[in-house]
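Asker: Pasting final-v7.cif here (mmCIF, C-alpha atoms):
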```
data_start
#
loop_
_atom_site.label_atom_id
_atom_site.label_comp_id
_atom_site.auth_asym_id
_atom_site.auth_seq_id
_atom_site.Cartn_x
_atom_site.Cartn_y
_atom_site.Cartn_z
CA MET A 1 132.67 129.39 216.30
CA ARG A 2 133.30 133.11 216.50
CA PRO A 3 130.90 134.82 214.14
CA ASP A 4 133.42 137.54 213.26
CA VAL A 5 136.03 135.12 211.89
CA GLU A 6 135.81 134.35 208.19
CA PRO A 7 138.15 133.42 205.35
CA GLY A 8 139.94 136.38 203.83
CA GLN A 9 139.93 138.38 207.06
CA GLU A 10 143.19 140.24 207.67
CA LEU A 11 144.81 140.17 211.10
CA PRO A 12 145.90 143.47 212.64
CA THR A 13 149.64 143.79 212.06
CA LEU A 14 152.02 143.73 215.03
CA THR A 15 155.25 145.73 214.94
CA ARG A 16 158.26 145.51 217.25
CA ARG A 17 161.85 146.62 217.22
CA ILE A 18 164.35 143.85 217.91
CA THR A 19 167.29 145.06 219.98
CA ARG A 20 170.63 143.47 220.77
CA GLU A 21 169.38 142.96 224.35
CA ASP A 22 166.25 141.18 223.02
CA VAL A 23 168.46 138.79 221.05
CA ARG A 24 170.72 138.16 224.04
CA ALA A 25 167.71 137.43 226.27
CA TYR A 26 166.25 135.15 223.61
CA ALA A 27 169.55 133.22 223.35
CA GLU A 28 169.34 132.54 227.09
CA ALA A 29 165.65 131.63 227.15
CA SER A 30 165.85 129.38 224.07
CA GLY A 31 169.29 127.85 224.60
CA ASP A 32 170.37 128.83 221.06
CA ARG A 33 173.69 130.54 221.78
CA ASN A 34 175.01 130.48 218.22
CA PRO A 35 177.57 133.34 218.18
CA LEU A 36 176.04 134.55 214.90
CA HIS A 37 173.43 136.19 217.16
CA LEU A 38 175.81 137.41 219.88
CA ASP A 39 179.19 138.30 218.39
CA ASP A 40 179.53 140.93 215.65
CA ASP A 41 182.90 139.55 214.50
CA VAL A 42 181.42 136.09 213.94
CA ALA A 43 178.41 137.59 212.14
CA ARG A 44 180.67 139.69 209.89
CA ALA A 45 182.81 136.65 209.08
CA ALA A 46 179.58 134.94 207.98
CA GLY A 47 178.85 137.80 205.59
CA PHE A 48 176.44 139.92 207.64
CA ASP A 49 176.92 143.54 208.70
CA GLY A 50 176.61 142.52 212.36
CA VAL A 51 174.66 140.20 214.61
CA ILE A 52 171.24 139.11 213.39
CA ALA A 53 168.16 138.02 215.30
CA HIS A 54 167.33 134.33 215.62
CA GLY A 55 164.83 133.28 212.97
CA MET A 56 162.97 131.68 215.86
CA LEU A 57 162.63 135.06 217.60
CA THR A 58 160.99 136.38 214.44
CA MET A 59 158.74 133.29 214.38
CA GLY A 60 157.91 133.94 218.04
CA HIS A 61 156.80 137.44 217.07
CA LEU A 62 154.60 135.91 214.37
CA SER A 63 153.01 133.65 217.00
CA ALA A 64 152.42 136.71 219.21
CA CYS A 65 150.62 138.43 216.34
CA VAL A 66 148.34 135.42 215.80
CA LEU A 67 147.69 134.75 219.49
CA GLY A 68 147.02 138.43 220.19
CA TRP A 69 144.34 138.31 217.52
CA ALA A 70 142.99 134.89 218.58
CA GLY A 71 142.47 136.00 222.19
CA PRO A 72 142.72 134.29 225.59
CA GLY A 73 142.58 130.50 225.70
CA ALA A 74 143.51 130.00 222.04
CA ARG A 75 145.84 127.08 221.31
CA VAL A 76 148.21 126.72 218.40
CA GLU A 77 147.98 123.21 216.97
CA ARG A 78 150.46 123.77 214.14
CA ILE A 79 152.84 126.56 213.24
CA SER A 80 155.40 126.69 210.46
CA ALA A 81 157.60 129.33 208.89
CA GLN A 82 160.21 129.73 206.17
CA PHE A 83 163.05 132.10 207.04
CA ARG A 84 163.79 134.18 203.96
CA ALA A 85 165.93 137.12 205.09
CA PRO A 86 168.00 137.92 208.17
CA VAL A 87 166.75 140.53 210.66
CA PRO A 88 169.67 142.73 211.77
CA VAL A 89 169.45 143.92 215.40
CA GLY A 90 168.01 147.39 215.79
CA ARG A 91 165.49 146.84 213.01
CA SER A 92 161.72 146.71 213.37
CA VAL A 93 159.66 143.83 212.05
CA VAL A 94 155.98 143.74 211.13
CA ALA A 95 153.96 140.53 211.49
CA GLY A 96 150.62 139.96 209.82
CA GLY A 97 148.35 137.30 208.47
CA ARG A 98 145.10 136.36 206.85
CA VAL A 99 142.44 133.78 207.66
CA ARG A 100 142.49 131.03 205.08
CA ALA A 101 139.89 128.61 206.43
CA VAL A 102 137.49 128.26 209.35
CA GLU A 103 136.11 124.97 210.60
CA GLY A 104 134.24 125.39 213.86
CA ASP A 105 136.79 126.74 216.36
CA LEU A 106 139.71 125.68 214.20
CA VAL A 107 141.18 128.51 212.12
CA THR A 108 143.92 128.13 209.50
CA LEU A 109 145.94 131.25 208.76
CA GLU A 110 148.71 132.27 206.44
CA ALA A 111 151.16 134.57 208.16
CA TRP A 112 154.30 136.54 207.43
CA VAL A 113 156.90 138.87 208.91
CA ARG A 114 158.64 141.63 206.97
CA LEU A 115 161.16 144.34 207.77
CA GLU A 116 159.34 147.58 208.53
CA GLY A 117 159.44 150.09 205.69
CA GLU A 118 160.95 147.61 203.25
CA ASP A 119 159.75 145.02 200.82
CA VAL A 120 161.91 142.39 202.52
CA TRP A 121 160.30 139.27 203.94
CA ALA A 122 161.85 137.75 207.06
CA VAL A 123 159.20 135.02 207.14
CA ARG A 124 157.14 133.92 204.19
CA LYS A 125 154.70 131.09 203.81
CA GLY A 126 154.02 131.02 207.53
CA GLU A 127 151.10 128.80 208.41
CA VAL A 128 149.29 128.65 211.72
CA VAL A 129 146.43 126.40 212.77
CA VAL A 130 144.87 127.79 215.93
CA ARG A 131 141.93 126.53 217.96
CA LEU A 132 139.98 129.46 219.32
CA SER A 133 138.42 129.35 222.75
CA SER A 134 134.62 129.27 222.29
CA PRO A 135 132.77 131.97 224.18
CA ASP A 136 130.11 129.37 225.07
CA ASP A 137 132.64 126.80 226.24
CA ASP A 138 132.94 126.74 230.02
CA ARG A 139 135.72 124.16 230.07
CA PRO A 140 139.33 125.19 229.50
CA SER A 141 140.04 122.25 227.23
CA THR A 142 138.13 120.66 224.39
CA SER A 143 138.73 117.70 222.18
CA PRO A 144 137.26 117.34 218.68
CA GLY A 145 134.72 114.80 219.91
CA SER A 146 133.53 116.89 222.81
CA HIS A 147 132.42 119.98 220.92
CA ARG A 148 128.97 121.23 221.42
CA SER A 149 127.21 121.93 218.17
CA SER A 150 127.30 125.55 217.13
CA GLY A 151 123.58 125.40 216.45
CA ARG A 152 122.57 125.54 220.07
CA MET B 1 178.05 117.73 205.58
CA ASN B 2 177.95 113.97 205.30
CA PRO B 3 174.75 112.75 203.59
CA GLY B 4 175.59 109.18 204.55
CA ILE B 5 174.09 109.36 208.04
CA GLU B 6 170.47 109.99 207.14
CA GLY B 7 168.25 108.35 209.71
CA LYS B 8 170.70 108.69 212.58
CA ALA B 9 168.96 109.04 215.95
CA TYR B 10 170.56 110.88 218.86
CA PRO B 11 170.31 109.70 222.47
CA PRO B 12 167.08 110.90 224.14
CA VAL B 13 167.36 113.78 226.59
CA SER B 14 165.06 114.76 229.43
CA PHE B 15 163.57 118.26 229.31
CA ARG B 16 161.55 120.01 232.00
CA VAL B 17 159.11 122.73 230.97
CA ASP B 18 160.47 125.07 233.61
CA PRO B 19 157.90 127.74 234.57
CA ASP B 20 160.56 130.42 235.12
CA ARG B 21 162.07 129.73 231.73
CA VAL B 22 158.60 129.76 230.12
CA ARG B 23 157.94 133.17 231.70
CA ALA B 24 161.24 134.51 230.35
CA PHE B 25 160.45 133.06 226.91
CA ARG B 26 156.96 134.63 226.91
CA ALA B 27 158.54 138.02 227.65
CA CYS B 28 161.04 137.53 224.79
CA VAL B 29 158.45 136.73 222.12
CA GLY B 30 155.57 138.86 223.45
CA VAL B 31 153.05 136.07 224.10
CA ALA B 32 150.72 136.85 227.01
CA GLU B 33 149.78 133.47 228.47
CA GLY B 34 150.53 129.76 228.49
CA VAL B 35 153.54 128.03 226.97
CA PRO B 36 154.31 129.79 223.67
CA PRO B 37 154.05 127.52 220.62
CA THR B 38 157.69 128.13 219.69
CA PHE B 39 158.94 127.25 223.20
CA ALA B 40 159.60 123.71 221.97
CA THR B 41 162.77 125.20 220.44
CA ALA B 42 164.23 125.10 223.97
CA ALA B 43 163.70 121.33 223.98
CA GLU B 44 165.27 121.00 220.52
CA PHE B 45 168.32 122.91 221.76
CA THR B 46 168.97 120.32 224.45
CA VAL B 47 169.98 118.01 221.57
CA PHE B 48 171.01 120.33 218.71
CA PRO B 49 174.46 121.17 220.16
CA THR B 50 175.21 117.42 220.05
CA VAL B 51 174.04 117.24 216.43
CA ILE B 52 175.97 120.35 215.40
CA ALA B 53 179.16 118.99 217.00
CA ASP B 54 178.67 115.43 215.65
CA PRO B 55 181.92 114.58 213.82
CA GLU B 56 180.04 111.99 211.77
CA LEU B 57 177.74 114.72 210.41
CA ASP B 58 180.66 117.11 209.83
CA LEU B 59 178.63 120.33 209.82
CA ASP B 60 180.33 123.73 209.46
CA LEU B 61 178.25 125.86 211.83
CA ARG B 62 179.74 129.09 210.41
CA ARG B 63 177.92 128.38 207.16
CA VAL B 64 174.63 127.18 208.69
CA VAL B 65 171.38 129.14 208.48
CA HIS B 66 167.92 128.17 209.69
CA GLY B 67 165.79 127.49 206.60
CA SER B 68 162.41 126.65 208.06
CA GLN B 69 160.69 125.38 211.17
CA GLU B 70 157.47 123.58 212.01
CA TYR B 71 155.77 122.53 215.25
CA VAL B 72 152.75 120.23 215.40
CA TYR B 73 151.05 119.83 218.78
CA ALA B 74 148.77 117.06 220.03
CA ARG B 75 148.23 119.34 223.03
CA PRO B 76 149.97 122.40 224.48
CA LEU B 77 153.04 121.82 226.66
CA GLU B 78 152.26 122.07 230.37
CA GLU B 79 154.40 124.10 232.73
CA GLY B 80 156.25 121.84 235.15
CA GLU B 81 156.01 118.65 233.07
CA THR B 82 159.06 116.65 232.04
CA LEU B 83 159.33 115.43 228.46
CA THR B 84 161.67 113.07 226.65
CA VAL B 85 163.30 114.70 223.62
CA ARG B 86 164.17 112.43 220.69
CA THR B 87 165.93 113.90 217.66
CA ARG B 88 166.77 112.12 214.43
CA ILE B 89 168.11 113.12 211.04
CA GLU B 90 165.12 112.79 208.74
CA SER B 91 166.94 113.68 205.54
CA ILE B 92 170.08 115.20 204.07
CA ARG B 93 170.00 116.61 200.55
CA MET B 94 172.86 118.22 198.65
CA ARG B 95 171.95 120.81 196.03
CA ALA B 96 174.12 123.35 194.20
CA GLY B 97 176.90 122.98 196.76
CA SER B 98 174.62 123.51 199.75
CA GLY B 99 173.46 120.89 202.22
CA PHE B 100 169.87 120.66 203.47
CA LEU B 101 169.56 118.93 206.83
CA THR B 102 166.10 118.12 208.21
CA LEU B 103 165.96 117.26 211.91
CA VAL B 104 162.80 115.81 213.44
CA THR B 105 162.39 116.10 217.18
CA GLN B 106 159.63 114.41 219.13
CA LEU B 107 158.64 115.52 222.62
CA GLU B 108 157.15 112.62 224.53
CA ALA B 109 155.15 112.73 227.75
CA THR B 110 155.87 110.26 230.56
CA ASP B 111 153.18 107.91 229.16
CA GLY B 112 155.07 107.80 225.84
CA ALA B 113 152.52 109.88 223.91
CA VAL B 114 154.05 112.33 221.44
CA VAL B 115 152.98 115.81 222.54
CA CYS B 116 154.86 117.81 219.92
CA THR B 117 156.69 117.05 216.69
CA ALA B 118 159.24 119.64 215.59
CA ARG B 119 160.84 119.76 212.16
CA ALA B 120 163.85 122.00 211.60
CA LEU B 121 165.55 122.60 208.25
CA LEU B 122 169.16 123.72 208.61
CA ILE B 123 171.00 124.83 205.48
CA GLU B 124 174.78 124.64 205.22
CA ARG B 125 175.59 127.15 202.53
CA GLY B 126 178.21 126.23 199.96
CA GLU B 127 181.79 127.49 200.34
CA PRO B 128 182.07 130.96 198.81
#
```
Starting from the file, give its structure as structure tokens.
Answerer:
Amino acid sequence: MRPDVEPGQELPTLTRRITREDVRAYAEASGDRNPLHLDDDVARAAGFDGVIAHGMLTMGHLSACVLGWAGPGARVERISAQFRAPVPVGRSVVAGGRVRAVEGDLVTLEAWVRLEGEDVWAVRKGEVVVRLSSPDDDRPSTSPGSHRSSGR
Amino acid sequence: MNPGIEGKAYPPVSFRVDPDRVRAFRACVGVAEGVPPTFATAAEFTVFPTVIADPELDLDLRRVVHGSQEYVYARPLEEGETLTVRTRIESIRMRAGSGFLTLVTQLEATDGAVVCTARALLIERGEP
């Protein structure tokens, strides 16, 4: 267990701008080529001002925020997100979170993404369960039954 | 959307965790190492086009938004491994003119163990 991790702790926020090129690259890497993310005319017909980022790209940014905080070797065991508002291309998003519970190396967080400079939530009620890599663990993988006691 | 086909399972598809694709995905989402936890979306999207185009489901993609997403991992995906992707319609609910479609996708290793369970909620908004 990392001594510095405790319930209530806030994660450092992570900000990025999402460009049209980012969305295009994400469509290729993910296989989600819905024209809503690639074609302004389609997006406008759907009621948006232009193409919007994939919700999953926003969720990926949320995972980057959590994993950047959790450090090398951390593994996400569960991640969930509710997509609340579209992210138009060219906008910046801010991801953040807070530690909800700590049980040994297993940390449960609530996490979110909002549009920078606005009170608009792209992701709310995000939840991440991440297993941190123990500094005293010399093996790359651990299972719940193989943990050394933290009292050593 | 046709709520009558709840429970429908789509034919399993093979999916390789291609290291080049994982690298590209990491760059997209800004994750430094390993297979990013949202990479399983690439496996889901080997089947989702079939679901979206399923005439029995009768989905209007122009009105569909992604409501929520969840991934639960028994272990991280490993670069280079091949998984079997099984998607089924867990539930369809109609509310206030909108349809709520929950798709569950299981990623199975070659020994049949479920490595990842993905749950996607797609919302077909009501006609304006």
Asker: If you apply the PyMOL selection byres ((chain A) within 6 of (chain B)) to this file, what residues do you get, as a ChimeraX atom specification?
Answerer: /A:26,29-31,60-61,64,77-83
Asker: Take the residues from that selection and write them out as a tab-separated table (two decimals), keeping the file's coordinate frame, keeping C-alpha atoms.
Answerer:
```tsv
chain	number	residue	atom	x	y	z
A	26	TYR	CA	166.25	135.15	223.61
A	29	ALA	CA	165.65	131.63	227.15
A	30	SER	CA	165.85	129.38	224.07
A	31	GLY	CA	169.29	127.85	224.60
A	60	GLY	CA	157.91	133.94	218.04
A	61	HIS	CA	156.80	137.44	217.07
A	64	ALA	CA	152.42	136.71	219.21
A	77	GLU	CA	147.98	123.21	216.97
A	78	ARG	CA	150.46	123.77	214.14
A	79	ILE	CA	152.84	126.56	213.24
A	80	SER	CA	155.40	126.69	210.46
A	81	ALA	CA	157.60	129.33	208.89
A	82	GLN	CA	160.21	129.73	206.17
A	83	PHE	CA	163.05	132.10	207.04
```
Asker: Name every residue that the PyMOL selection byres ((chain B and resi 9) around 7) selects in this structure, writing the answer as a ChimeraX atom specification with chains first and numbers rising.
Answerer: /B:7-8,10-11,87-89
Asker: Quick one: distance from atom CA of Ala95 of chain A to atom CA of Leu109 of chain A in Å, one decimal?
Answerer: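 For atom CA of Ala95 of chain A relative to atom CA of Leu109 of chain A, the distance reads 12.6 Å.
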Asker: Taking the file above as input, evaluate the PyMOL selection byres ((chain A and resi 89) around 7) and report the hits as a PyMOL selection string.
Answerer: chain A and resi 18-20+51-53+87-88+90-91
Asker: Okay, now the selection with C-alpha atoms, as a PDB file, in the coordinates of the input?
Answerer:
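Saved as again_14.pdb:
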```
ATOM      1  CA  ILE A  18     164.350 143.850 217.910  1.00  0.00           C
ATOM      2  CA  THR A  19     167.290 145.060 219.980  1.00  0.00           C
ATOM      3  CA  ARG A  20     170.630 143.470 220.770  1.00  0.00           C
ATOM      4  CA  VAL A  51     174.660 140.200 214.610  1.00  0.00           C
ATOM      5  CA  ILE A  52     171.240 139.110 213.390  1.00  0.00           C
ATOM      6  CA  ALA A  53     168.160 138.020 215.300  1.00  0.00           C
ATOM      7  CA  VAL A  87     166.750 140.530 210.660  1.00  0.00           C
ATOM      8  CA  PRO A  88     169.670 142.730 211.770  1.00  0.00           C
ATOM      9  CA  GLY A  90     168.010 147.390 215.790  1.00  0.00           C
ATOM     10  CA  ARG A  91     165.490 146.840 213.010  1.00  0.00           C
TER      11      ARG A  91
END
```
Asker: Would you mind telling me which residue in A:Leu38, A:Val130, A:Val76, A:Val123 lies nearest to Arg100 of chain A when using only C-alpha atoms?
Answerer: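 Among A:Leu38, A:Val130, A:Val76, A:Val123, it is A:Val130 that comes nearest to Arg100 of chain A.
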Asker: For the atom pair atom CA of Met56 of chain A and atom CA of Leu36 of chain A, what is the interatomic distance in Å to one decimal place?
Answerer: 13.4 Å
Asker: Would you please work out which residue, of A:Asp105, A:Asp22, A:Asp4, A:Glu110, is nearest to Thr58 of chain A when using all atoms listed in the file?
Answerer: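 For Thr58 of chain A, the nearest of the given residues is A:Asp22.
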Asker: Mind checking which residues fall within 9 Å of Ala74 of chain A, counting all atoms listed in the file, ignoring those fewer than 2 positions away in the same chain, and posting them as a PyMOL selection string?
Answerer: chain A and resi 67+70-72+76+130-134
Asker: So that I can check the surroundings of Val99 of chain A, please list as JSON, numbers by chain every protein, DNA and RNA residue that reaches within 8 Å of it, counting only C-alpha atoms and ignoring chain neighbours fewer than 5 positions away.
Answerer: {"A": [5, 6, 7, 8, 9, 10, 11, 107, 108, 109, 110]}
Asker: Compile the contact shell of Ala122 of chain A as JSON, numbers by chain: residues with an atom at most 6 Å away, counting all atoms listed in the file, same-chain residues fewer than 3 positions apart removed.
Answerer: {"A": [83, 84, 85, 113, 114]}
